[in-house]
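Q: The following file, run-v2.txt, comprises compact mmCIF, C-alpha atoms:
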# COMPACT_ATOMS: atom_id res chain seq x y z
CA MET A 1 -129.88 -94.06 -37.07
CA VAL A 2 -129.39 -94.37 -40.80
CA GLU A 3 -125.73 -94.21 -41.70
CA GLU A 4 -124.88 -91.70 -44.39
CA GLN A 5 -123.38 -93.08 -47.59
CA LYS A 6 -119.67 -92.54 -47.94
CA ARG A 7 -118.02 -91.05 -50.97
CA TYR A 8 -114.36 -91.12 -52.00
CA ILE A 9 -113.00 -87.96 -53.61
CA ALA A 10 -109.94 -88.52 -55.79
CA TYR A 11 -107.66 -85.48 -55.93
CA GLN A 12 -104.41 -84.58 -57.62
CA VAL A 13 -101.80 -82.08 -56.47
CA LEU A 14 -100.13 -80.14 -59.29
CA SER A 15 -96.89 -78.51 -58.22
CA GLN A 16 -93.60 -77.22 -59.58
CA SER A 17 -91.56 -79.64 -57.50
CA LYS A 18 -92.21 -83.10 -56.03
CA LEU A 19 -93.86 -83.13 -52.64
CA GLN A 20 -93.77 -85.66 -49.84
CA GLN A 21 -96.96 -87.60 -49.13
CA VAL A 22 -96.80 -86.69 -45.44
CA ASP A 23 -96.74 -82.97 -46.29
CA ILE A 24 -99.70 -83.30 -48.65
CA HIS A 25 -101.60 -85.40 -46.10
CA ASN A 26 -101.01 -82.77 -43.40
CA ALA A 27 -102.01 -79.95 -45.76
CA VAL A 28 -105.27 -81.72 -46.61
CA TRP A 29 -106.09 -82.14 -42.91
CA HIS A 30 -105.19 -78.51 -42.27
CA ALA A 31 -107.44 -77.35 -45.11
CA LEU A 32 -110.38 -79.46 -43.94
CA LEU A 33 -110.09 -78.25 -40.35
CA ASN A 34 -109.61 -74.60 -41.38
CA PHE A 35 -112.52 -74.49 -43.79
CA LEU A 36 -114.98 -76.81 -42.09
CA GLY A 37 -113.90 -76.41 -38.49
CA GLU A 38 -113.52 -79.31 -36.09
CA LEU A 39 -117.25 -79.88 -35.74
CA GLY A 40 -117.86 -79.47 -39.48
CA ALA A 41 -115.11 -81.95 -40.33
CA SER A 42 -116.58 -84.52 -37.94
CA GLU A 43 -120.11 -83.99 -39.33
CA ALA A 44 -118.77 -84.30 -42.88
CA GLU A 45 -116.96 -87.49 -41.82
CA ALA A 46 -114.02 -86.11 -43.79
CA TRP A 47 -110.94 -88.29 -43.58
CA PRO A 48 -107.91 -88.37 -45.94
CA VAL A 49 -107.24 -92.00 -46.83
CA ARG A 50 -103.60 -92.62 -46.01
CA GLY A 51 -102.97 -96.00 -47.65
CA ILE A 52 -103.92 -95.00 -51.19
CA TRP A 53 -101.39 -92.74 -52.83
CA ASP A 54 -99.92 -92.48 -56.32
CA GLU A 55 -96.50 -90.91 -55.85
CA SER A 56 -95.74 -90.28 -59.51
CA LYS A 57 -99.01 -88.42 -60.21
CA GLN A 58 -99.41 -87.08 -56.64
CA GLN A 59 -102.94 -88.43 -56.40
CA GLY A 60 -104.80 -89.40 -53.26
CA LEU A 61 -108.25 -90.03 -51.80
CA VAL A 62 -110.39 -88.25 -49.22
CA ARG A 63 -113.41 -89.98 -47.73
CA CYS A 64 -116.48 -87.96 -46.77
CA GLY A 65 -120.23 -88.18 -46.34
CA ASN A 66 -122.49 -87.82 -49.37
CA ALA A 67 -123.89 -84.48 -48.24
CA ALA A 68 -120.46 -82.92 -47.71
CA ILE A 69 -118.90 -83.50 -51.14
CA GLU A 70 -119.03 -79.86 -52.26
CA LYS A 71 -117.66 -78.58 -48.94
CA VAL A 72 -114.72 -81.00 -49.04
CA ARG A 73 -114.13 -80.17 -52.71
CA THR A 74 -113.98 -76.45 -51.88
CA ALA A 75 -111.71 -77.06 -48.89
CA LEU A 76 -109.24 -78.92 -51.13
CA ALA A 77 -109.35 -76.15 -53.74
CA LEU A 78 -108.40 -73.59 -51.08
CA ILE A 79 -104.98 -75.19 -50.55
CA ALA A 80 -102.58 -72.59 -51.96
CA ARG A 81 -99.19 -73.84 -50.75
CA ILE A 82 -97.74 -77.09 -49.39
CA ALA A 83 -94.32 -77.02 -47.73
CA ASP A 84 -93.90 -73.48 -49.10
CA VAL A 85 -94.41 -74.69 -52.69
CA PRO A 86 -97.32 -73.15 -54.64
CA VAL A 87 -99.77 -75.86 -55.67
CA CYS A 88 -103.02 -76.36 -57.51
CA VAL A 89 -105.22 -79.10 -56.05
CA ARG A 90 -107.84 -80.43 -58.39
CA VAL A 91 -110.55 -82.98 -57.78
CA LEU A 92 -110.47 -85.75 -60.37
CA GLY A 93 -113.84 -87.20 -59.43
CA VAL A 94 -116.01 -88.89 -56.85
CA ALA A 95 -116.63 -92.60 -56.41
CA GLY A 96 -118.79 -94.68 -54.09
CA SER A 97 -116.11 -97.14 -53.01
CA VAL A 98 -112.36 -97.38 -52.75
CA ASN A 99 -112.19 -100.01 -55.50
CA ALA A 100 -114.27 -97.89 -57.88
CA ALA A 101 -112.04 -94.89 -57.18
CA LYS A 102 -108.89 -96.96 -57.79
CA GLN A 103 -110.21 -98.22 -61.12
CA LYS A 104 -111.56 -94.89 -62.36
CA TYR A 105 -108.82 -92.52 -61.22
CA PHE A 106 -105.74 -94.56 -60.35
CA GLY A 107 -105.76 -96.75 -63.45
CA GLU A 108 -106.07 -100.06 -61.60
CA ARG A 109 -107.71 -102.91 -63.41
CA ASP A 110 -109.04 -106.25 -62.27
CA LEU A 111 -109.66 -109.43 -64.26
CA THR A 112 -113.14 -108.30 -65.35
CA ALA A 113 -111.47 -105.67 -67.53
CA PHE A 114 -110.07 -108.49 -69.70
CA VAL A 115 -113.38 -110.30 -70.17
CA LYS A 116 -114.56 -110.05 -73.78
CA MET B 1 -96.94 -63.88 -62.49
CA SER B 2 -97.36 -66.20 -65.46
CA SER B 3 -97.43 -65.33 -69.15
CA LEU B 4 -100.61 -65.42 -71.21
CA SER B 5 -99.60 -68.62 -72.98
CA GLU B 6 -98.83 -70.36 -69.65
CA LEU B 7 -102.22 -69.31 -68.30
CA ALA B 8 -103.94 -70.57 -71.45
CA GLU B 9 -102.08 -73.90 -71.26
CA GLN B 10 -103.01 -74.42 -67.62
CA ALA B 11 -106.62 -73.41 -68.28
CA LEU B 12 -106.83 -75.99 -71.08
CA LEU B 13 -105.42 -78.65 -68.73
CA LEU B 14 -108.01 -77.81 -66.08
CA GLY B 15 -110.92 -78.06 -68.51
CA TYR B 16 -111.71 -74.51 -69.57
CA SER B 17 -112.81 -73.88 -73.15
CA GLY B 18 -111.70 -70.24 -72.98
CA ILE B 19 -110.49 -67.50 -70.68
CA VAL B 20 -110.86 -63.75 -70.35
CA VAL B 21 -107.58 -62.02 -69.49
CA LEU B 22 -108.09 -58.81 -67.56
CA GLU B 23 -105.55 -56.01 -67.60
CA PRO B 24 -105.93 -53.24 -65.01
CA TRP B 25 -106.87 -50.02 -66.75
CA GLY B 26 -103.93 -47.67 -67.07
CA SER B 27 -103.29 -46.69 -70.63
CA ILE B 28 -104.24 -47.38 -74.21
CA GLU B 29 -100.72 -48.80 -74.79
CA ALA B 30 -101.29 -51.54 -72.19
CA LEU B 31 -104.61 -52.31 -73.84
CA ASP B 32 -102.98 -52.59 -77.29
CA ARG B 33 -100.33 -54.93 -75.88
CA LEU B 34 -103.00 -57.15 -74.32
CA LYS B 35 -104.97 -57.25 -77.56
CA SER B 36 -101.92 -58.26 -79.60
CA GLU B 37 -100.98 -61.00 -77.09
CA SER B 38 -104.49 -62.47 -77.07
CA LYS B 39 -104.66 -62.25 -80.87
CA ALA B 40 -101.49 -64.35 -81.07
CA LEU B 41 -103.30 -67.18 -79.27
CA LYS B 42 -106.34 -67.12 -81.52
CA GLY B 43 -106.91 -69.64 -84.27
CA THR B 44 -107.28 -72.61 -81.93
CA ASP B 45 -110.39 -74.08 -80.34
CA PHE B 46 -109.43 -72.41 -77.08
CA GLY B 47 -110.84 -68.87 -76.77
CA VAL B 48 -108.74 -66.06 -75.32
CA PHE B 49 -110.56 -62.76 -74.83
CA ALA B 50 -109.17 -59.43 -73.71
CA GLY B 51 -110.74 -57.44 -70.91
CA ILE B 52 -110.03 -54.28 -68.98
CA ASP B 53 -110.47 -54.09 -65.23
CA ILE B 54 -111.29 -50.58 -64.06
CA GLN B 55 -110.49 -50.03 -60.38
CA PRO B 56 -111.83 -46.52 -59.87
CA LYS B 57 -111.56 -44.42 -56.76
CA SER B 58 -114.56 -42.35 -57.78
CA VAL B 59 -117.53 -42.31 -60.12
CA VAL B 60 -115.89 -39.61 -62.27
CA GLU B 61 -112.75 -41.73 -62.75
CA MET B 62 -114.90 -44.71 -63.73
CA SER B 63 -116.98 -42.72 -66.20
CA GLU B 64 -113.88 -41.26 -67.87
CA ALA B 65 -112.32 -44.72 -68.27
CA ILE B 66 -115.50 -46.21 -69.74
CA GLU B 67 -115.80 -43.30 -72.15
CA LYS B 68 -112.25 -43.99 -73.47
CA LEU B 69 -112.97 -47.71 -73.83
CA LYS B 70 -116.48 -47.58 -75.23
CA ASP B 71 -115.45 -48.40 -78.82
CA GLU B 72 -112.79 -51.00 -77.92
CA PRO B 73 -113.62 -54.67 -78.56
CA VAL B 74 -112.86 -55.69 -74.96
CA LEU B 75 -114.88 -56.72 -71.96
CA ILE B 76 -115.14 -54.01 -69.33
CA THR B 77 -115.22 -54.95 -65.66
CA VAL B 78 -115.40 -52.59 -62.70
CA SER B 79 -113.79 -53.65 -59.41
CA SER B 80 -114.73 -51.59 -56.42
CA GLY B 81 -115.86 -51.85 -52.80
CA ASP B 82 -117.38 -48.36 -52.85
CA PRO B 83 -121.19 -48.71 -52.88
CA GLU B 84 -121.64 -45.49 -54.88
CA VAL B 85 -119.23 -46.65 -57.61
CA CYS B 86 -120.91 -50.08 -57.68
CA LYS B 87 -124.34 -48.46 -58.04
CA PHE B 88 -123.22 -46.28 -60.98
CA ALA B 89 -121.43 -49.24 -62.58
CA CYS B 90 -124.64 -51.30 -62.48
CA GLU B 91 -126.53 -48.46 -64.17
CA ASN B 92 -124.03 -48.11 -67.03
CA PRO B 93 -124.92 -50.58 -69.83
CA ARG B 94 -121.39 -50.43 -71.25
CA VAL B 95 -120.05 -52.27 -68.18
CA ASP B 96 -120.00 -56.05 -68.59
CA MET B 97 -119.16 -57.19 -65.08
CA LEU B 98 -119.02 -55.80 -61.59
CA SER B 99 -116.43 -57.53 -59.46
CA ILE B 100 -117.07 -57.57 -55.73
CA GLN B 101 -114.00 -56.58 -53.72
CA PRO B 102 -112.83 -57.92 -50.33
CA ASP B 103 -112.85 -54.42 -48.80
CA GLN B 104 -116.57 -54.00 -49.47
CA ARG B 105 -118.21 -53.03 -46.21
CA GLU B 106 -121.84 -52.75 -47.25
CA MET B 107 -123.95 -55.21 -49.17
CA LEU B 108 -124.87 -54.28 -52.72
CA GLY B 109 -128.15 -52.36 -52.74
CA PHE B 110 -131.24 -54.01 -54.22
CA SER B 111 -131.76 -51.11 -56.65
CA ALA B 112 -128.18 -51.53 -57.93
CA LEU B 113 -128.73 -55.26 -58.41
CA GLU B 114 -132.01 -54.65 -60.23
CA ALA B 115 -130.18 -52.22 -62.54
CA ALA B 116 -127.51 -54.89 -63.13
CA SER B 117 -130.23 -57.40 -63.99
CA ARG B 118 -131.87 -54.92 -66.41
CA ASN B 119 -128.57 -54.08 -68.15
CA GLY B 120 -127.27 -57.65 -68.23
CA ILE B 121 -124.28 -56.80 -66.01
CA ALA B 122 -122.93 -59.84 -64.23
CA ILE B 123 -121.99 -59.73 -60.56
CA ASN B 124 -118.63 -61.46 -60.37
CA PHE B 125 -117.17 -63.30 -57.37
CA CYS B 126 -113.44 -63.92 -57.43
CA PHE B 127 -112.06 -67.20 -56.05
CA ARG B 128 -108.62 -65.69 -55.55
CA HIS B 129 -109.92 -63.31 -52.88
CA VAL B 130 -110.94 -66.31 -50.78
CA LEU B 131 -107.73 -68.19 -51.60
CA VAL B 132 -105.40 -65.46 -50.30
CA ALA B 133 -107.50 -64.46 -47.27
CA LEU B 134 -106.77 -66.06 -43.90
CA ARG B 135 -108.91 -67.05 -40.96
CA ARG B 136 -110.98 -64.06 -39.75
CA GLN B 137 -110.67 -62.22 -43.06
CA ARG B 138 -111.75 -65.34 -44.93
CA ALA B 139 -114.71 -65.91 -42.59
CA ALA B 140 -115.87 -62.30 -43.02
CA LEU B 141 -115.35 -62.47 -46.79
CA LEU B 142 -117.34 -65.70 -47.12
CA ARG B 143 -120.17 -64.19 -45.08
CA ARG B 144 -120.32 -61.09 -47.34
CA MET B 145 -120.16 -63.24 -50.48
CA GLU B 146 -123.02 -65.37 -49.22
CA GLU B 147 -125.16 -62.27 -48.56
CA ASN B 148 -124.35 -60.78 -51.98
CA ILE B 149 -125.11 -64.06 -53.78
CA SER B 150 -128.45 -64.27 -52.01
CA ALA B 151 -129.30 -60.64 -52.88
CA ALA B 152 -128.19 -61.02 -56.51
CA GLN B 153 -130.33 -64.13 -56.91
CA LEU B 154 -133.32 -62.30 -55.45
CA ALA B 155 -132.84 -59.45 -57.94
CA LYS B 156 -132.29 -62.00 -60.76
CA ALA B 157 -128.92 -60.44 -61.61
CA PRO B 158 -126.57 -62.74 -63.55
CA ILE B 159 -123.78 -64.14 -61.38
CA THR B 160 -120.36 -65.30 -62.50
CA VAL B 161 -117.44 -66.71 -60.58
CA SER B 162 -113.86 -66.35 -61.76
CA SER B 163 -110.54 -67.70 -60.60
CA GLY B 164 -108.89 -64.25 -60.65
CA ALA B 165 -105.57 -65.99 -61.13
CA SER B 166 -102.38 -64.06 -61.85
CA SER B 167 -100.28 -67.23 -61.97
CA VAL B 168 -100.89 -70.82 -63.06
CA TRP B 169 -100.85 -72.02 -59.43
CA GLU B 170 -103.83 -69.83 -58.57
CA MET B 171 -106.03 -71.28 -61.30
CA ARG B 172 -108.62 -73.83 -60.25
CA ASP B 173 -110.78 -76.36 -62.04
CA PRO B 174 -114.14 -74.77 -63.00
CA ARG B 175 -115.87 -77.49 -60.98
CA GLU B 176 -114.16 -76.15 -57.85
CA LEU B 177 -115.43 -72.63 -58.59
CA ILE B 178 -118.93 -74.09 -58.92
CA GLY B 179 -118.43 -75.84 -55.58
CA LEU B 180 -117.60 -72.54 -53.88
CA VAL B 181 -120.83 -70.78 -54.92
CA ASN B 182 -122.82 -73.92 -54.11
CA VAL B 183 -121.37 -73.95 -50.59
CA LEU B 184 -122.33 -70.25 -50.28
CA GLY B 185 -125.98 -70.97 -50.95
CA MET B 186 -126.55 -71.28 -54.68
CA GLU B 187 -128.32 -74.36 -56.07
CA LEU B 188 -125.90 -76.65 -57.85
CA SER B 189 -127.88 -76.56 -61.11
CA HIS B 190 -127.70 -72.73 -61.15
CA ALA B 191 -124.06 -72.74 -60.07
CA PHE B 192 -123.00 -74.51 -63.26
CA ALA B 193 -124.22 -71.55 -65.31
CA THR B 194 -121.86 -69.15 -63.47
CA VAL B 195 -118.84 -70.60 -65.29
CA SER B 196 -120.47 -71.61 -68.54
CA ASP B 197 -123.65 -70.11 -69.98
CA ILE B 198 -123.49 -66.67 -68.36
CA PRO B 199 -119.86 -65.82 -69.25
CA GLN B 200 -120.38 -67.22 -72.75
CA HIS B 201 -123.48 -65.07 -73.22
CA ILE B 202 -121.64 -61.94 -72.03
CA ILE B 203 -118.71 -62.55 -74.37
CA GLN B 204 -120.92 -63.22 -77.37
CA LYS B 205 -123.23 -60.28 -76.69
CA ARG B 206 -120.59 -57.68 -75.87
CA LEU B 207 -117.69 -58.52 -78.15
CA GLU B 208 -119.88 -59.05 -81.17
CA ALA B 209 -121.88 -55.88 -80.49
CA ARG B 210 -118.87 -53.54 -80.29
CA PRO B 211 -117.25 -51.99 -83.40
CA GLY B 212 -114.39 -54.32 -84.33
CA GLY B 213 -116.43 -57.36 -83.26
CA SER B 214 -114.75 -60.50 -81.98
CA ASP B 215 -111.58 -60.52 -84.08
Could you spell out this file's structure in structure tokens?
A:
Amino acid sequence: MVEEQKRYIAYQVLSQSKLQQVDIHNAVWHALLNFLGELGASEAEAWPVRGIWDESKQQGLVRCGNAAIEKVRTALALIARIADVPVCVRVLGVAGSVNAAKQKYFGERDLTAFVK
Amino acid sequence: MSSLSELAEQALLLGYSGIVVLEPWGSIEALDRLKSESKALKGTDFGVFAGIDIQPKSVVEMSEAIEKLKDEPVLITVSSGDPEVCKFACENPRVDMLSIQPDQREMLGFSALEAASRNGIAINFCFRHVLVALRRQRAALLRRMEENISAAQLAKAPITVSSGASSVWEMRDPRELIGLVNVLGMELSHAFATVSDIPQHIIQKRLEARPGGSD
């Protein structure tokens, strides 16, 4: 069986007040399960990545299969409230690996960025 | 509810190059207020266009409203779930957009969609309807939207998708709107046009054609 390529969707939560990571994480799971269903979420291999989180910008990552990018993107966009706070969830972009996502969307740099 | 300037600011942040602000049709005074507010935001690269949303209960009510607005430099949209009203809206070339409503029980007829294609009337799908619906309602709504998108594509009627936001927290990135119609069966390459080329074409064609032009 050929394994489907994974993609990492970087998202940002815009809100009036600061939100806890655990609330956002739960809301993302809730949205994926509501929109895709349990079977759909497993087929999409959708999984919010817990260890990567920018608290100041409220940015995180969701992993999914290549074919399910648009479905996961739509599921994230359908999050209207988190912890009773109205929010706007926007997808910053898609990357093929965690490191690429960190460099493109979380502002991380490695030593190659300093090579002239 | 957010003010026009707040909506424009959020839209700019999310990547829009312009927005159409729709006011429900009620009176000429409300229309004048909307026009003066949108004029105040002109002069920047960001386009703000005024529009009137007619929510008629009957064909007669719709025709009377369009008659009063025919010379106004605004976009005219009709929002209705009544198949008879939708059919007459698609046959009236002064209508710019027909917005599908959540309470619509029957699919749009093929003859109505052909008329919309002939008259250049866009069939609009509102993201906000999906956002506020829950569970069974949302499932039924998505099913109807999918059927209408398929029928509109078959009839070659232009399709647009809007955020339908009344506050800044209901606005979504245009790429998310594209994702929604793609998930409902539209090819991704065609889906991009629903938030870019088609709305731009409607604005240019309608606002420049009316007396008063695009001021």
Q: Between A:Pro86, A:Ala100, A:Lys6, A:Ser15, single out the one closest to A:Trp47, counting all atoms listed in the file.
A: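 Nearest candidate to A:Trp47 out of A:Pro86, A:Ala100, A:Lys6, A:Ser15: A:Lys6.
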Q: Could you make a table, as a Markdown table, of the residues of chain B that have an atom within 12 Å of an atom of chain A, each with its nearest atom pair and distance in Å to one decimal, counting all atoms listed in the file, in chain and number order?
A:
| residue | atom | partner | partner_atom | distance |
| --- | --- | --- | --- | --- |
| B:Gln10 | CA | A:Cys88 | CA | 10.3 |
| B:Ala11 | CA | A:Cys88 | CA | 11.7 |
| B:Leu13 | CA | A:Arg90 | CA | 10.8 |
| B:Leu14 | CA | A:Arg90 | CA | 8.1 |
| B:Gly15 | CA | A:Arg90 | CA | 10.8 |
| B:Phe127 | CA | A:Leu78 | CA | 8.9 |
| B:Arg128 | CA | A:Leu78 | CA | 9.1 |
| B:His129 | CA | A:Leu78 | CA | 10.5 |
| B:Val130 | CA | A:Leu78 | CA | 7.7 |
| B:Leu131 | CA | A:Leu78 | CA | 5.5 |
| B:Val132 | CA | A:Ala80 | CA | 7.8 |
| B:Ala133 | CA | A:Leu78 | CA | 9.9 |
| B:Leu134 | CA | A:Asn34 | CA | 9.3 |
| B:Arg135 | CA | A:Asn34 | CA | 7.6 |
| B:Arg136 | CA | A:Asn34 | CA | 10.8 |
| B:Arg138 | CA | A:Phe35 | CA | 9.3 |
| B:Ala139 | CA | A:Phe35 | CA | 8.9 |
| B:Leu142 | CA | A:Phe35 | CA | 10.6 |
| B:Ser163 | CA | A:Ala77 | CA | 10.9 |
| B:Ala165 | CA | A:Cys88 | CA | 11.3 |
| B:Ser167 | CA | A:Pro86 | CA | 9.9 |
| B:Val168 | CA | A:Cys88 | CA | 8.1 |
| B:Trp169 | CA | A:Cys88 | CA | 5.2 |
| B:Glu170 | CA | A:Cys88 | CA | 6.7 |
| B:Met171 | CA | A:Cys88 | CA | 7.0 |
| B:Arg172 | CA | A:Cys88 | CA | 6.7 |
| B:Asp173 | CA | A:Arg90 | CA | 6.2 |
| B:Pro174 | CA | A:Arg90 | CA | 9.6 |
| B:Arg175 | CA | A:Val91 | CA | 8.3 |
| B:Glu176 | CA | A:Thr74 | CA | 6.0 |
| B:Leu177 | CA | A:Thr74 | CA | 7.9 |
| B:Ile178 | CA | A:Glu70 | CA | 8.8 |
| B:Gly179 | CA | A:Glu70 | CA | 5.2 |
| B:Leu180 | CA | A:Thr74 | CA | 5.7 |
| B:Val181 | CA | A:Thr74 | CA | 9.4 |
| B:Asn182 | CA | A:Glu70 | CA | 7.3 |
| B:Val183 | CA | A:Lys71 | CA | 6.2 |
| B:Leu184 | CA | A:Lys71 | CA | 9.6 |
| B:Gly185 | CA | A:Glu70 | CA | 11.4 |
| B:Met186 | CA | A:Glu70 | CA | 11.7 |
| B:Glu187 | CA | A:Glu70 | CA | 11.4 |
| B:Leu188 | CA | A:Glu70 | CA | 9.4 |
| B:Ala191 | CA | A:Glu70 | CA | 11.7 |
Q: How far is it from atom CA of B:Lys39 to atom CA of B:Ser17, in Å with one decimal?
A: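 Distance between the two atoms: 16.2 Å.
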Q: Need to verify the contact set: A:Asp23, 8 Å, all atoms listed in the file, exclusion of same-chain residues closer than 4 positions in sequence. Can you return it as a list in words?
A: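 The residues satisfying every condition are Leu19, Ala27, Ile82 and Ala83 of chain A.
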Q: Report, in Å with one decimal, the straight-line distance from atom CA of B:Ala112 to atom CA of B:Gly26.
A: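 That distance, rounded to one decimal, is 26.2 Å.
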Q: What does the distance between atom CA of B:Glu84 and atom CA of B:Ala193 come to in Å, to one decimal place?
A: 28.2 Å
Q: If we count only C-alpha atoms, what is near A:Gly65 at a cut-off of 6 Å, once residues fewer than 5 positions away on the same chain are taken out, given as a list of chain:residue names?
A: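 Selected residues are A:Gln5, A:Lys6, A:Arg7, A:Ala44, A:Glu45.
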Q: So which residues touch A:Gly96 within 12 Å, counting only C-alpha atoms, skipping near sequence neighbours fewer than 3 positions away, as a PDB file with C-alpha atoms, keeping the file's coordinate frame?
A:
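Here's the written file result_31.pdb:
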ATOM      1  CA  GLU A   4    -124.880 -91.700 -44.390  1.00  0.00           C
ATOM      2  CA  GLN A   5    -123.380 -93.080 -47.590  1.00  0.00           C
ATOM      3  CA  LYS A   6    -119.670 -92.540 -47.940  1.00  0.00           C
ATOM      4  CA  ARG A   7    -118.020 -91.050 -50.970  1.00  0.00           C
ATOM      5  CA  TYR A   8    -114.360 -91.120 -52.000  1.00  0.00           C
ATOM      6  CA  ILE A   9    -113.000 -87.960 -53.610  1.00  0.00           C
ATOM      7  CA  ALA A  10    -109.940 -88.520 -55.790  1.00  0.00           C
ATOM      8  CA  LEU A  61    -108.250 -90.030 -51.800  1.00  0.00           C
ATOM      9  CA  VAL A  62    -110.390 -88.250 -49.220  1.00  0.00           C
ATOM     10  CA  ARG A  63    -113.410 -89.980 -47.730  1.00  0.00           C
ATOM     11  CA  CYS A  64    -116.480 -87.960 -46.770  1.00  0.00           C
ATOM     12  CA  GLY A  65    -120.230 -88.180 -46.340  1.00  0.00           C
ATOM     13  CA  ASN A  66    -122.490 -87.820 -49.370  1.00  0.00           C
ATOM     14  CA  ILE A  69    -118.900 -83.500 -51.140  1.00  0.00           C
ATOM     15  CA  GLY A  93    -113.840 -87.200 -59.430  1.00  0.00           C
ATOM     16  CA  ASN A  99    -112.190-100.010 -55.500  1.00  0.00           C
ATOM     17  CA  ALA A 100    -114.270 -97.890 -57.880  1.00  0.00           C
ATOM     18  CA  ALA A 101    -112.040 -94.890 -57.180  1.00  0.00           C
ATOM     19  CA  LYS A 102    -108.890 -96.960 -57.790  1.00  0.00           C
ATOM     20  CA  GLN A 103    -110.210 -98.220 -61.120  1.00  0.00           C
ATOM     21  CA  LYS A 104    -111.560 -94.890 -62.360  1.00  0.00           C
TER      22      LYS A 104
END
Q: Taking only C-alpha atoms into account, which of B:Leu69, B:Val21, B:Val161, B:Leu31 comes nearest B:Ala50?
A: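 For B:Ala50, the nearest of the candidates is B:Val21.
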Q: So, counting only C-alpha atoms, which residue among B:Val60, B:Ile123, B:Leu154, B:Leu75 is closest to B:Pro24?
A: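 Closest residue, counting only C-alpha atoms: B:Leu75.
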Q: Got a sec: who's within 12 Å of A:Arg50, counting all atoms listed in the file, leaving out chain neighbours fewer than 2 positions off, as a compact mmCIF listing (two decimals) with C-alpha atoms, keeping the file's coordinate frame?
A:
# COMPACT_ATOMS: atom_id res chain seq x y z
CA GLN A 21 -96.96 -87.60 -49.13
CA VAL A 22 -96.80 -86.69 -45.44
CA ASP A 23 -96.74 -82.97 -46.29
CA ILE A 24 -99.70 -83.30 -48.65
CA HIS A 25 -101.60 -85.40 -46.10
CA ASN A 26 -101.01 -82.77 -43.40
CA VAL A 28 -105.27 -81.72 -46.61
CA TRP A 29 -106.09 -82.14 -42.91
CA TRP A 47 -110.94 -88.29 -43.58
CA PRO A 48 -107.91 -88.37 -45.94
CA ILE A 52 -103.92 -95.00 -51.19
CA TRP A 53 -101.39 -92.74 -52.83
CA ASP A 54 -99.92 -92.48 -56.32
CA GLN A 59 -102.94 -88.43 -56.40
CA GLY A 60 -104.80 -89.40 -53.26
CA LEU A 61 -108.25 -90.03 -51.80
CA VAL A 62 -110.39 -88.25 -49.22
CA ARG A 63 -113.41 -89.98 -47.73
